Structure formats: structure tokens, C-alpha cells
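S.K.: Got a structure for you, query-v2.cif, holding mmCIF, C-alpha atoms and all ligand atoms.
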data_input
loop_
_atom_site.label_atom_id
_atom_site.label_comp_id
_atom_site.auth_asym_id
_atom_site.auth_seq_id
_atom_site.Cartn_x
_atom_site.Cartn_y
_atom_site.Cartn_z
CA THR A 1 18.38 3.08 5.37
CA THR A 2 15.73 0.40 4.99
CA LYS A 3 15.58 -1.38 1.64
CA ILE A 4 11.99 -1.59 0.50
CA ILE A 5 9.96 -2.85 -2.45
CA MET A 6 6.50 -1.44 -3.06
CA ASP A 7 3.77 -3.51 -4.68
CA THR A 8 1.10 -1.03 -5.57
CA ASP A 9 -2.05 -0.07 -7.54
CA PRO A 10 -1.94 3.76 -7.89
CA GLY A 11 -4.45 5.11 -6.93
CA VAL A 12 -4.29 8.45 -5.18
CA ASP A 13 -3.10 7.25 -1.76
CA ASP A 14 -0.67 4.82 -3.44
CA ALA A 15 0.80 7.78 -5.34
CA ALA A 16 1.23 9.68 -2.07
CA ALA A 17 2.88 6.64 -0.46
CA LEU A 18 5.22 6.35 -3.46
CA THR A 19 6.04 10.05 -3.12
CA MET A 20 7.23 9.54 0.46
CA ALA A 21 9.06 6.28 -0.34
CA ILE A 22 10.90 7.82 -3.31
CA ASN A 23 11.98 10.94 -1.46
CA ASP A 24 12.65 10.00 2.16
CA PRO A 25 16.41 9.49 2.62
CA ASN A 26 15.84 6.80 5.26
CA LEU A 27 14.20 4.53 2.71
CA ASP A 28 15.89 2.89 -0.27
CA LEU A 29 13.14 2.03 -2.75
CA LYS A 30 14.63 -0.73 -4.95
CA LEU A 31 11.68 -1.78 -7.10
CA VAL A 32 8.05 -0.98 -7.73
CA THR A 33 5.67 -3.71 -8.89
CA THR A 34 2.08 -3.10 -9.91
CA VAL A 35 -1.17 -4.98 -9.59
CA ALA A 36 -4.77 -4.58 -10.72
CA GLY A 37 -6.85 -2.92 -8.01
CA ASN A 38 -8.03 0.65 -7.97
CA VAL A 39 -7.95 0.45 -11.78
CA THR A 40 -6.64 -2.11 -14.32
CA VAL A 41 -2.95 -3.03 -14.18
CA ASP A 42 -2.06 -1.24 -17.43
CA LYS A 43 -3.28 1.97 -15.76
CA THR A 44 -1.72 1.34 -12.33
CA THR A 45 1.60 0.70 -14.13
CA ILE A 46 1.38 3.98 -16.04
CA ASN A 47 0.49 5.83 -12.84
CA ALA A 48 3.47 4.36 -10.97
CA LEU A 49 5.76 5.37 -13.85
CA LYS A 50 4.28 8.88 -13.87
CA VAL A 51 4.96 9.44 -10.17
CA ILE A 52 8.52 8.08 -10.38
CA ASN A 53 9.28 10.14 -13.48
CA PHE A 54 7.79 13.27 -11.84
CA PHE A 55 10.55 13.06 -9.21
CA ASN A 56 13.22 12.19 -11.80
CA ALA A 57 13.85 9.03 -9.82
CA VAL A 58 15.43 5.95 -11.38
CA ILE A 59 13.48 3.01 -9.98
CA PRO A 60 12.46 -0.03 -12.05
CA VAL A 61 8.73 -0.71 -12.44
CA ALA A 62 7.49 -4.22 -13.28
CA ALA A 63 3.88 -4.87 -14.23
CA GLY A 64 2.08 -7.63 -12.35
CA ALA A 65 -1.19 -9.48 -12.09
CA GLU A 66 -4.14 -8.43 -14.23
CA GLN A 67 -6.61 -10.47 -12.19
CA PRO A 68 -7.01 -11.80 -8.67
CA LEU A 69 -6.10 -15.49 -8.20
CA ILE A 70 -9.69 -16.75 -8.24
CA LYS A 71 -12.25 -14.01 -7.59
CA GLU A 72 -13.51 -11.84 -10.41
CA PHE A 73 -11.83 -8.43 -10.68
CA GLU A 74 -13.76 -5.30 -9.61
CA ASP A 75 -11.97 -1.94 -9.70
CA ALA A 76 -12.42 1.13 -7.47
CA ALA A 77 -12.63 3.73 -10.23
CA ARG A 78 -15.56 5.30 -8.39
CA ILE A 79 -13.05 6.42 -5.72
CA HIS A 80 -9.91 6.98 -7.81
CA GLY A 81 -11.42 8.06 -11.17
CA GLU A 82 -11.19 6.25 -14.51
CA SER A 83 -7.43 6.85 -14.83
CA GLY A 84 -6.74 6.02 -11.17
CA LEU A 85 -4.85 9.29 -10.74
CA PRO A 86 -6.99 12.21 -11.90
CA GLY A 87 -6.45 15.92 -11.41
CA TYR A 88 -2.80 16.47 -12.36
CA ASP A 89 -1.15 16.68 -15.78
CA PHE A 90 1.94 14.54 -15.44
CA PRO A 91 4.55 14.82 -18.21
CA GLU A 92 3.89 12.29 -20.97
CA ASP A 93 7.49 11.01 -21.23
CA TYR A 94 7.09 8.72 -18.24
CA GLY A 95 9.00 5.77 -19.68
CA LYS A 96 8.21 2.07 -19.68
CA PRO A 97 8.04 -0.87 -17.31
CA ILE A 98 10.98 -3.27 -17.40
CA ASN A 99 10.83 -6.41 -19.48
CA LYS A 100 10.04 -8.79 -16.61
CA THR A 101 6.83 -9.75 -14.86
CA ALA A 102 6.34 -8.48 -11.31
CA VAL A 103 6.93 -12.00 -9.95
CA GLU A 104 10.25 -12.39 -11.84
CA ALA A 105 11.37 -8.88 -10.86
CA LEU A 106 10.45 -9.46 -7.20
CA HIS A 107 12.31 -12.77 -7.15
CA ASP A 108 15.43 -11.36 -8.84
CA GLU A 109 15.57 -8.22 -6.72
CA ILE A 110 14.94 -9.99 -3.40
CA MET A 111 17.54 -12.70 -4.10
CA ALA A 112 20.12 -10.17 -5.30
CA THR A 113 19.70 -7.86 -2.30
CA ASP A 114 22.47 -7.77 0.20
CA GLY A 115 20.83 -8.56 3.56
CA GLN A 116 17.09 -8.35 3.80
CA VAL A 117 14.32 -6.36 2.21
CA THR A 118 10.97 -5.07 3.49
CA LEU A 119 7.94 -5.63 1.24
CA VAL A 120 5.29 -2.92 1.24
CA PRO A 121 2.11 -4.01 -0.54
CA THR A 122 -0.49 -1.26 -0.91
CA GLY A 123 -2.78 -3.07 -3.35
CA SER A 124 -4.14 -6.60 -3.22
CA TYR A 125 -1.59 -9.33 -2.61
CA THR A 126 -1.86 -11.30 -5.86
CA ASN A 127 1.77 -10.78 -6.93
CA ILE A 128 3.04 -11.72 -3.49
CA ALA A 129 0.94 -14.90 -3.36
CA LEU A 130 2.23 -15.90 -6.81
CA LEU A 131 5.80 -15.10 -5.75
CA PHE A 132 5.60 -17.19 -2.55
CA THR A 133 4.03 -20.10 -4.43
CA GLU A 134 6.58 -20.08 -7.24
CA TYR A 135 9.71 -19.05 -5.31
CA PRO A 136 9.29 -19.95 -1.61
CA GLU A 137 13.03 -19.37 -1.09
CA VAL A 138 12.49 -15.59 -1.18
CA LYS A 139 10.73 -15.73 2.21
CA ASP A 140 14.02 -16.01 4.11
CA LYS A 141 15.28 -12.82 2.49
CA ILE A 142 12.23 -10.79 3.50
CA ASP A 143 12.62 -9.03 6.81
CA ARG A 144 8.89 -8.34 7.06
CA ILE A 145 5.83 -7.30 5.10
CA VAL A 146 4.19 -4.00 6.02
CA ALA A 147 0.86 -4.29 4.24
CA MET A 148 -2.03 -1.90 3.86
CA GLY A 149 -5.24 -3.88 4.07
CA GLY A 150 -7.83 -5.41 6.33
CA ALA A 151 -9.42 -4.21 9.55
CA LEU A 152 -10.66 -5.58 12.83
CA GLY A 153 -14.41 -5.55 12.63
CA MET A 154 -15.07 -2.97 9.96
CA GLY A 155 -14.87 -2.61 6.21
CA ASN A 156 -15.04 -0.24 3.29
CA MET A 157 -16.37 -2.67 0.68
CA THR A 158 -18.78 -4.55 2.91
CA SER A 159 -19.20 -4.10 6.65
CA ALA A 160 -16.72 -6.99 6.97
CA ALA A 161 -14.11 -6.36 4.27
CA GLU A 162 -11.50 -3.80 3.29
CA PHE A 163 -10.81 -3.26 -0.45
CA ASN A 164 -7.30 -4.77 -0.86
CA VAL A 165 -8.22 -7.99 0.93
CA PHE A 166 -11.73 -8.09 -0.59
CA THR A 167 -10.24 -7.81 -4.09
CA ASP A 168 -8.09 -10.93 -3.70
CA PRO A 169 -8.88 -12.81 -0.49
CA ASP A 170 -7.20 -16.01 -1.74
CA ALA A 171 -3.93 -14.13 -2.17
CA ALA A 172 -4.30 -12.62 1.30
CA ARG A 173 -4.77 -16.08 2.76
CA ILE A 174 -1.53 -17.29 1.13
CA MET A 175 0.37 -14.22 2.34
CA TYR A 176 -0.88 -14.56 5.93
CA ALA A 177 0.00 -18.27 5.94
CA SER A 178 3.53 -17.64 4.63
CA GLY A 179 5.33 -17.39 7.96
CA VAL A 180 6.91 -14.06 6.97
CA PRO A 181 6.33 -11.46 9.73
CA ILE A 182 3.45 -9.16 8.73
CA VAL A 183 2.45 -5.76 10.02
CA MET A 184 -1.24 -5.28 9.14
CA VAL A 185 -1.90 -1.61 8.49
CA GLY A 186 -5.67 -1.54 8.16
CA LEU A 187 -8.69 0.69 8.37
CA ASP A 188 -8.48 0.75 12.20
CA ILE A 189 -5.73 3.34 11.85
CA THR A 190 -6.11 4.66 8.31
CA MET A 191 -9.66 5.90 8.95
CA LYS A 192 -8.41 7.62 12.09
CA ALA A 193 -5.42 9.42 10.57
CA LEU A 194 -7.26 11.36 7.87
CA LEU A 195 -5.24 14.03 6.12
CA THR A 196 -7.23 17.02 7.32
CA LYS A 197 -8.74 19.68 5.08
CA GLU A 198 -6.32 22.17 6.66
CA SER A 199 -3.29 20.00 5.84
CA ILE A 200 -4.52 19.51 2.26
CA ALA A 201 -4.98 23.27 1.86
CA GLU A 202 -1.34 23.86 2.87
CA LEU A 203 0.09 21.50 0.27
CA PRO A 204 0.12 23.71 -2.87
CA GLU A 205 2.00 26.47 -1.07
CA ILE A 206 4.89 24.17 -0.16
CA ASN A 207 6.39 23.21 -3.55
CA LYS A 208 5.65 21.46 -6.83
CA ALA A 209 5.35 18.08 -5.07
CA GLY A 210 2.77 19.60 -2.71
CA GLN A 211 0.87 21.01 -5.67
CA MET A 212 0.77 17.61 -7.38
CA LEU A 213 -0.36 15.84 -4.20
CA HIS A 214 -3.00 18.49 -3.54
CA ASP A 215 -4.41 18.20 -7.05
CA VAL A 216 -4.74 14.43 -6.93
CA ILE A 217 -5.92 14.27 -3.30
CA ILE A 218 -8.81 16.68 -3.89
CA ASN A 219 -10.01 14.24 -6.58
CA ASP A 220 -9.97 11.28 -4.19
CA GLY A 221 -13.46 10.00 -3.44
CA ASP A 222 -12.44 8.64 -0.03
CA HIS A 223 -13.12 11.75 2.07
CA ASN A 224 -15.55 13.12 4.63
CA ASP A 225 -16.08 16.49 6.37
CA ARG A 226 -12.81 16.22 8.28
CA GLY A 227 -10.42 15.09 5.58
CA THR A 228 -9.24 12.39 3.19
CA ALA A 229 -8.08 8.86 4.06
CA MET A 230 -4.46 8.35 2.98
CA HIS A 231 -4.60 4.59 3.66
CA ASP A 232 -1.40 3.47 1.90
CA VAL A 233 0.71 6.31 3.28
CA ASN A 234 0.27 4.81 6.76
CA THR A 235 2.64 1.95 5.78
CA ILE A 236 5.46 4.43 5.11
CA PHE A 237 4.64 6.41 8.25
CA TYR A 238 4.86 3.17 10.25
CA LEU A 239 8.27 2.32 8.77
CA LEU A 240 9.64 5.73 9.72
CA HIS A 241 7.70 6.40 12.94
CA PRO A 242 6.65 3.15 14.58
CA GLU A 243 6.40 5.01 17.90
CA ALA A 244 3.30 6.85 16.63
CA ILE A 245 1.39 3.63 15.94
CA THR A 246 0.22 1.04 18.48
CA THR A 247 0.27 -2.56 17.29
CA LYS A 248 -1.03 -5.77 18.78
CA LYS A 249 0.19 -9.27 17.93
CA MET A 250 -2.50 -11.76 17.03
CA TRP A 251 -3.50 -14.46 14.56
CA ILE A 252 -5.26 -13.19 11.44
CA ASP A 253 -7.45 -15.51 9.36
CA ILE A 254 -8.88 -14.53 5.99
CA VAL A 255 -12.44 -15.31 4.93
CA THR A 256 -12.38 -16.47 1.29
CA ASP A 257 -16.05 -17.02 0.56
CA GLY A 258 -19.56 -16.25 1.72
CA PRO A 259 -21.01 -12.90 2.77
CA ALA A 260 -17.93 -11.96 4.86
CA ILE A 261 -15.52 -12.66 1.96
CA GLY A 262 -12.36 -10.60 2.41
CA GLU A 263 -12.71 -10.20 6.17
CA THR A 264 -9.51 -10.29 8.24
CA VAL A 265 -10.62 -12.12 11.38
CA GLY A 266 -8.38 -11.35 14.35
CA ASP A 267 -8.03 -13.81 17.24
CA ILE A 268 -8.16 -10.81 19.58
CA ARG A 269 -8.04 -12.82 22.79
CA GLY A 270 -5.42 -15.31 21.60
CA ALA A 271 -7.93 -18.05 22.36
CA TYR A 272 -7.93 -20.10 19.18
CA HIS A 273 -4.33 -20.49 18.04
CA ASP A 274 -2.47 -21.64 21.15
CA GLY A 275 -1.19 -18.14 21.68
CA LYS A 276 0.53 -18.19 18.26
CA THR A 277 0.42 -15.06 16.11
CA ASN A 278 1.03 -14.35 12.43
CA ALA A 279 0.62 -10.57 12.42
CA ASP A 280 1.29 -7.40 14.27
CA VAL A 281 -1.93 -5.43 13.78
CA ALA A 282 -1.95 -1.63 13.86
CA VAL A 283 -4.75 -0.67 16.25
CA ASP A 284 -4.12 2.99 17.07
CA ILE A 285 -2.31 6.00 15.61
CA ASP A 286 -1.38 9.53 16.58
CA ALA A 287 -3.37 11.33 13.87
CA ASP A 288 -1.81 14.76 14.59
CA ALA A 289 1.67 13.31 14.29
CA PHE A 290 0.65 11.76 10.96
CA ASN A 291 -0.54 15.12 9.61
CA LYS A 292 2.57 16.97 10.78
CA TRP A 293 4.86 14.31 9.34
CA PHE A 294 3.03 14.32 6.00
CA LEU A 295 3.60 18.06 5.56
CA GLU A 296 7.21 17.81 6.73
CA GLU A 297 7.94 15.06 4.23
CA VAL A 298 6.63 17.25 1.41
CA LYS A 299 8.61 20.26 2.66
CA ALA A 300 11.81 18.18 2.61
CA ILE A 301 11.40 17.46 -1.12
CA LYS A 302 13.63 19.85 -3.04
CA MET A 303 11.92 20.81 -6.28
C1 LIG B 1 -7.16 0.59 -0.04
O1 LIG B 1 -7.99 0.47 -1.19
C2 LIG B 1 -7.50 1.27 -2.22
O2 LIG B 1 -8.55 1.91 -2.87
C3 LIG B 1 -6.54 2.25 -1.58
O3 LIG B 1 -5.52 2.62 -2.50
C4 LIG B 1 -6.00 1.48 -0.42
O4 LIG B 1 -4.89 0.69 -0.78
C5 LIG B 1 -7.99 1.13 1.10
O5 LIG B 1 -9.01 0.23 1.43
CA CA B 2 -3.77 0.99 -2.88
#
For the file at hand, write its structure as C-alpha cells.

M.R.:
Amino acid sequence: TTKIIMDTDPGVDDAAALTMAINDPNLDLKLVTTVAGNVTVDKTTINALKVINFFNAVIPVAAGAEQPLIKEFEDAARIHGESGLPGYDFPEDYGKPINKTAVEALHDEIMATDGQVTLVPTGSYTNIALLFTEYPEVKDKIDRIVAMGGALGMGNMTSAAEFNVFTDPDAARIMYASGVPIVMVGLDITMKALLTKESIAELPEINKAGQMLHDVIINDGDHNDRGTAMHDVNTIFYLLHPEAITTKKMWIDIVTDGPAIGETVGDIRGAYHDGKTNADVAVDIDADAFNKWFLEEVKAIKM
């Protein structure tokens, strides 16, 4: 099993990614940290707790950054609703976050882990930037970062920028400069592997987990005629099925001001960094395999 830590801002697709990470036996989810993003951090923390409690899982949750490092905070409630996770009545006894900040919890968990851990950020990278600045020693204990965010030449906030990087570009710059291997799971694949309307319609018939996912996914604003983008779930799919995703090594630079703020600029020809790379960028995905896997994961949940 792969030991992972998720840093997240649930968020409908974050909740679906958590669902897979909690339940797949090949992943050992050690800690969940939260960040402001889709909604404020008090809400993303509650939503993370609700999903974990729904599966009766025992996984610590630590609340993180309320604000990006420098840029002013703007949420995505227009996509994820005011609560961040609308459409399903989760039980109210969802518990509490632990008594540590996300940065302290990340540091303690990473340093205490036997071997190495994989970090899976599915919100903006504020907590990770703060962690690397305060405790650079953790970097050696991180096998790699599989991060949702960015894109090569497209965006969903501006034509240049994807939401997680746009929200805190200064944090993204610190993460990409850290030297820790990064897999960039961006819009290039997440907009291709939509969860189709047919797949979504099958969910409630599967089990209670499928019902919950169905009810939140149909309230997600990020959909078109074909289906709904499950951005963050692509990180988990990559961890379990790397063969279904094509990646390309390159250098990624982050734009931190001006009209292209939040853009992930890829040195696609390897021309500007002496052939050096700091990321493995997901450029293509088998969308059918993603849909089949998504349904199989839900079927494997016993509830
Ligand atoms: C990212 O932005 C958020 O709204 C989603 O949860 C995902 O992490 C997609 O751009
Ligand atoms: Ca997210």
C-alpha cells in the first residue's frame, strides 16, 4: 500500500477523491489537511470531516490556511455551492479537527512515517508552501507530490489559469521550486476524463456511497452536456492506474502577477532549462478507463 496525505478543499470533486482514498485498500490515507479554496477553510474542514465520518473511517483532520500567502482569497462557491458540498444530508455527528495546525500535523506525520509518504494536494498549495518554508527537512521524506492543478495552455479561471494555482500562485511557485518530484495533474486530462451522465446515473443504484456521490455530483457546477469534471479524483486514479495516463517531463514555471497570474508555463521543448525538469505533467488519459474505474471503486465499497 502507498502511504498518502491529502491536502484538500472539499468541494465536490475533493469529496469524491477522498471517498476513493479512504476506501481503496491499496492506499493508506494517514492524514487529511484542509485549506481555503472552493469555500472558506472552516467549511472545507467540516466537509472533510463529514466525508470521513460517513465512511466510519478514523483519519485525523487538521485545519490549515485561511488565506493564500499573498493574493486575496476568492472562493468557488458558484461551482460548489455555499457549503462547498451541497445535495446530501450528512450525519451531524461528524467530529472535530485535531488540535494542531495543518502545517504542524503535516510535519509530525511526515517525520513519524516509516519510509516515505506521497502528498496529494487537491486545493491550492498554501499549506505545502508554509510547510516547506518552515520545515524543509520534510522534503526528504516525501516520495513525490501528485497535485491537481494547472494546465498547459488553458484555464478555468482565466484563459491562462486553473483554479488551484490561480488561488495561490505564490504557494505554487514555492512548491514547484522545492525539488520534490511533482506529478502535475491538470486540466489537460481532467477536462478530458469527465464522469459521463451515464456513469453518474448508475451511481445511486450501486450502494449508499454511490447515492451520496450522485447527490453531490449532480449539484456540481462544473459540467457540460457530456458529464461532470472530477478534477481531483484524477490524482487518485493516477496513483492506482498510472498506465492509463500519459505524462511528459518538463520544467514548469508559475506566473505570480499580471494578466496571466496563476498560469503554469511548461517548457514543452526543453529549450529554456538546460533539459532539466521539475515536473511530470499529465497530458493524456484513457477517459473510458477512468469512468469504469470510478464505478468499480464505488462498487467495492461495502456499505
Ligand atoms: C480545481 O478547482 C476546484 O474547484 C476543484 O475542486 C479542483 O481542485 C479544478 O480547477
Ligand atoms: Ca479541490

S.K.: With only C-alpha atoms as the counted atoms, please give the residues lying no more than 8 Å from Lys43 in chain A, apart from itself and same-chain residues fewer than 4 positions off, as a PyMOL selection string.

M.R.: chain A and resi 39+47+83-84

S.K.: Excluding Val103 in chain A and its own-chain neighbours fewer than 3 positions away, which residues fall within 8 Å of it when counting only C-alpha atoms? Please give them as JSON, numbers by chain.

M.R.: {"A": [64, 106, 107, 127, 128, 130, 131]}

S.K.: Taking (3.0, -14.6, 11.9) in the file's coordinates as the center, which residues reach within 9 Å of it, counting only C-alpha atoms, put as an MDAnalysis selection string?

M.R.: chainID A and resid 176:182 249:252 276:280

S.K.: Here's a test: counting all atoms listed in the file, identify every protein, DNA and RNA residue with an atom at most 9 Å from (8.8, 26.3, -10.1) in the file's coordinate frame, and state them as a ChimeraX atom specification.

M.R.: /A:207-208,303

S.K.: Within 7 Å of ligand LIG 1 (chain B), which residues show up when you count all atoms listed in the file? List them as a short mmCIF file (atom, residue, chain, number, x, y, z; two decimals) with C-alpha atoms, in the coordinates of the input, please.

M.R.:
data_model
loop_
_atom_site.label_atom_id
_atom_site.label_comp_id
_atom_site.auth_asym_id
_atom_site.auth_seq_id
_atom_site.Cartn_x
_atom_site.Cartn_y
_atom_site.Cartn_z
CA ASP A 9 -2.05 -0.07 -7.54
CA PRO A 10 -1.94 3.76 -7.89
CA GLY A 11 -4.45 5.11 -6.93
CA VAL A 12 -4.29 8.45 -5.18
CA ASP A 13 -3.10 7.25 -1.76
CA ASP A 14 -0.67 4.82 -3.44
CA ASN A 38 -8.03 0.65 -7.97
CA ALA A 76 -12.42 1.13 -7.47
CA ILE A 79 -13.05 6.42 -5.72
CA THR A 122 -0.49 -1.26 -0.91
CA GLY A 123 -2.78 -3.07 -3.35
CA MET A 148 -2.03 -1.90 3.86
CA GLY A 149 -5.24 -3.88 4.07
CA ASN A 156 -15.04 -0.24 3.29
CA GLU A 162 -11.50 -3.80 3.29
CA PHE A 163 -10.81 -3.26 -0.45
CA ASN A 164 -7.30 -4.77 -0.86
CA LEU A 187 -8.69 0.69 8.37
CA HIS A 231 -4.60 4.59 3.66
CA ASP A 232 -1.40 3.47 1.90
#

S.K.: Please provide as a PyMOL selection string all residues within 10 Å of Arg173 in chain A, with the sequence filter that same-chain residues fewer than 4 positions apart are discarded (counting all atoms listed in the file).

M.R.: chain A and resi 125+129+165+168-169+177-178+252-256+262+264

S.K.: Create the file for the chosen residues now, containing C-alpha atoms and written as an mmCIF file, in the coordinates of the input.

M.R.:
data_model
loop_
_atom_site.group_PDB
_atom_site.id
_atom_site.type_symbol
_atom_site.label_atom_id
_atom_site.label_comp_id
_atom_site.auth_asym_id
_atom_site.auth_seq_id
_atom_site.Cartn_x
_atom_site.Cartn_y
_atom_site.Cartn_z
ATOM 1 C CA TYR A 125 -1.590 -9.330 -2.610
ATOM 2 C CA ALA A 129 0.940 -14.900 -3.360
ATOM 3 C CA VAL A 165 -8.220 -7.990 0.930
ATOM 4 C CA ASP A 168 -8.090 -10.930 -3.700
ATOM 5 C CA PRO A 169 -8.880 -12.810 -0.490
ATOM 6 C CA ALA A 177 0.000 -18.270 5.940
ATOM 7 C CA SER A 178 3.530 -17.640 4.630
ATOM 8 C CA ILE A 252 -5.260 -13.190 11.440
ATOM 9 C CA ASP A 253 -7.450 -15.510 9.360
ATOM 10 C CA ILE A 254 -8.880 -14.530 5.990
ATOM 11 C CA VAL A 255 -12.440 -15.310 4.930
ATOM 12 C CA THR A 256 -12.380 -16.470 1.290
ATOM 13 C CA GLY A 262 -12.360 -10.600 2.410
ATOM 14 C CA THR A 264 -9.510 -10.290 8.240
#

S.K.: Quick one: distance from CA of Val233 in chain A to CA of Val185 in chain A in Å, one decimal?

M.R.: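 Straight-line distance from CA of Val233 in chain A to CA of Val185 in chain A works out to 9.8 Å.
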
S.K.: Taking all atoms listed in the file into account, which of A:Gly115, A:Gly37, A:Pro25, A:Gly221 comes nearest ligand CA 2 (chain B)?

M.R.: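 Once distances to ligand CA 2 (chain B) are computed over all atoms listed in the file, the minimum belongs to A:Gly37.
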
S.K.: Find the residue from A:Ile217, A:Leu194, A:Val146, A:Ala287 that sits nearest to Ala15 in chain A; use all atoms listed in the file when measuring.

M.R.: A:Ile217

S.K.: So that I can see what lies close to Gly153 in chain A, please list as a PyMOL selection string the residues with an atom at most 10 Å from it, counting all atoms listed in the file and leaving out residues fewer than 5 positions away in the same chain.

M.R.: chain A and resi 159-162+187-188+263-266

S.K.: Using only C-alpha atoms, please write the residues we just selected to a file, as an mmCIF file, in the coordinates of the input.

M.R.:
data_model
loop_
_atom_site.group_PDB
_atom_site.id
_atom_site.type_symbol
_atom_site.label_atom_id
_atom_site.label_comp_id
_atom_site.auth_asym_id
_atom_site.auth_seq_id
_atom_site.Cartn_x
_atom_site.Cartn_y
_atom_site.Cartn_z
ATOM 1 C CA SER A 159 -19.200 -4.100 6.650
ATOM 2 C CA ALA A 160 -16.720 -6.990 6.970
ATOM 3 C CA ALA A 161 -14.110 -6.360 4.270
ATOM 4 C CA GLU A 162 -11.500 -3.800 3.290
ATOM 5 C CA LEU A 187 -8.690 0.690 8.370
ATOM 6 C CA ASP A 188 -8.480 0.750 12.200
ATOM 7 C CA GLU A 263 -12.710 -10.200 6.170
ATOM 8 C CA THR A 264 -9.510 -10.290 8.240
ATOM 9 C CA VAL A 265 -10.620 -12.120 11.380
ATOM 10 C CA GLY A 266 -8.380 -11.350 14.350
#

S.K.: When distances are computed from all atoms listed in the file, which of A:Ala63, A:Leu85, A:Ile261, A:Val183 shows the smallest separation from Asn99 in chain A?

M.R.: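 Under the stated criterion, the closest residue is A:Ala63.
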
S.K.: Please, what distance in Å, to one decimal, runs between CA of Gly95 in chain A and CA of Thr19 in chain A?

M.R.: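 It comes out at 17.4 Å.
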
S.K.: Provide the CA of Tyr94 in chain A to CA of Met6 in chain A distance in Å, to one decimal place.

M.R.: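 We find that CA of Tyr94 in chain A and CA of Met6 in chain A lie 18.3 Å from each other.
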
S.K.: Counting only C-alpha atoms, what is within 12 Å of Val58 in chain A, bar same-chain residues fewer than 6 positions away, as number ranges by chain?

M.R.: A: 22-23, 28-32, 49-52, 94-98

S.K.: Choose the residue, out of A:Ala289, A:Ala172, A:Val117, A:Ala77, that has the smallest atom-to-atom separation from Thr44 in chain A; count only C-alpha atoms.

M.R.: A:Ala77

S.K.: My list of candidates is A:His80, A:Lys100, A:Arg144, A:Lys71. Which is closest to ligand CA 2 (chain B) when distances are computed with all atoms listed in the file?

M.R.: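 Using all atoms listed in the file, ligand CA 2 (chain B) sits closest to A:His80.
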
S.K.: Using only C-alpha atoms, which of the listed residues (A:Glu72, A:Lys139, A:Ile46, A:Ile145) sits closest to Lys3 in chain A?

M.R.: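 Closest to Lys3 in chain A of all the choices is A:Ile145.
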
S.K.: Can you tell me, as JSON, the centre and edge lengths (Å, one decimal) of the axis-aligned box enclosing all of range 272-290 of chain A's listed atoms after padding each side by 8 Å?

M.R.:
{"center_x": -3.1, "center_y": -3.4, "center_z": 16.3, "size_x": 25.6, "size_y": 52.4, "size_z": 26.7}
